[in-house]
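Quick notes on the structure that follows.
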Amino acid sequence: MRARLITAAAALLLFTAGAQASGPYTQRAPQEQPFSWSGIYIGVGAGYAIGDTKLSFGGASIEGASSRGFEGDGRIGLDYHMTGTPIVLGVFGCYNVGETEFKVNGGGGFNATITPTWCIGGRAGLAMANKSLLYVGYAYSKADFDTSAGGLGVGELTGNSGLVGLETYLAPQLTIAGEYTFTRYDGIDIGAVHLDPDVHAFKLRLNWRPLSGVFNN
């Protein structure tokens, strides 16, 4: 009888020790996906534009016909974050609203506005560990030019834009960016006057990335 009790106690101890060693079943936590900028985005931007126009006529020229105004735009783009690198490449198109207006010699019967209409371009960026993207880009731009001089009306401008910006994670599938754009338009002739306008724009951008699921981490 005593031997049976000792054997039963030993078996109970072995069972208890085995149960404690194995422990309760715990599910392994899912591995977090790496943050990626790949995907389509749809964005809006709003800000302030400052222009400078050179006027040439009769062998003379006037620098600094300044202009300013508010600008906004809508943009759709596609980014590709190269696997295993911090390099991000993208393309985009945009539609613009707003205008910059300038006057020559305090008015003098000559007022004009530059109204950007659309652009198409690309960008290259460097992704950083804090879910930010530092980028530069280029865009081919179109704008309408409207002047009150001599009833000459509206003309079309083509231009080249360079841009630099910093975009960062704001919320799942949302990013926010600050962007500076410099646009140099091709010259336009208004009667005997040739104009070469440049526009600097500073915008705050908000982008929605509907298909970038990895932005949910």
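Every chain in the structure tokens has a letter given in the order shown (A, B, ...), and although residue numbers restart at 1 in each chain, ligands are simply numbered from 1 in the order shown.
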**Q.** Contacts of Asn207 (chain A) at 9 Å (only C-alpha atoms; same-chain gap of 4+ positions) as a count of residues only
**A.** 12
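Proximity to Ala143 (chain A) at 8 Å, evaluated using only C-alpha atoms and with sequence-adjacent residues fewer than 5 positions away removed, yields Ile114, Thr115, Pro116, Thr117, Trp118, Glu156, Leu157, Thr158 and Gly159 of chain A.
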Emit the selected residues as a JSON list (two decimals), in the first residue's frame, including C-alpha atoms.
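Listed below is the output, result14.json:
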[["chain", "number", "residue", "atom", "x", "y", "z"],
["A", 114, "ILE", "CA", -1.31, 84.20, -64.67],
["A", 115, "THR", "CA", -3.73, 81.34, -64.02],
["A", 116, "PRO", "CA", -2.08, 77.91, -63.86],
["A", 117, "THR", "CA", -4.30, 75.19, -65.34],
["A", 118, "TRP", "CA", -2.63, 71.77, -65.26],
["A", 156, "GLU", "CA", -1.41, 80.39, -73.14],
["A", 157, "LEU", "CA", 1.85, 79.89, -71.27],
["A", 158, "THR", "CA", 3.94, 76.74, -71.05],
["A", 159, "GLY", "CA", 6.47, 76.32, -68.28]]
Q. Of the candidates A:Lys142, A:Lys54, A:Arg123, A:Lys131, which one gets nearest to Phe102 (chain A) if we count only C-alpha atoms?
A. A:Lys54
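Ranking A:Asp189, A:Glu99, A:Asp79, A:Asp196 by their shortest atom-to-atom distance to Tyr135 (chain A), with only C-alpha atoms included, puts A:Asp79 first.
Going from CA of Ala46 (chain A) over to CA of Asp146 (chain A), you cover 22.0 Å.
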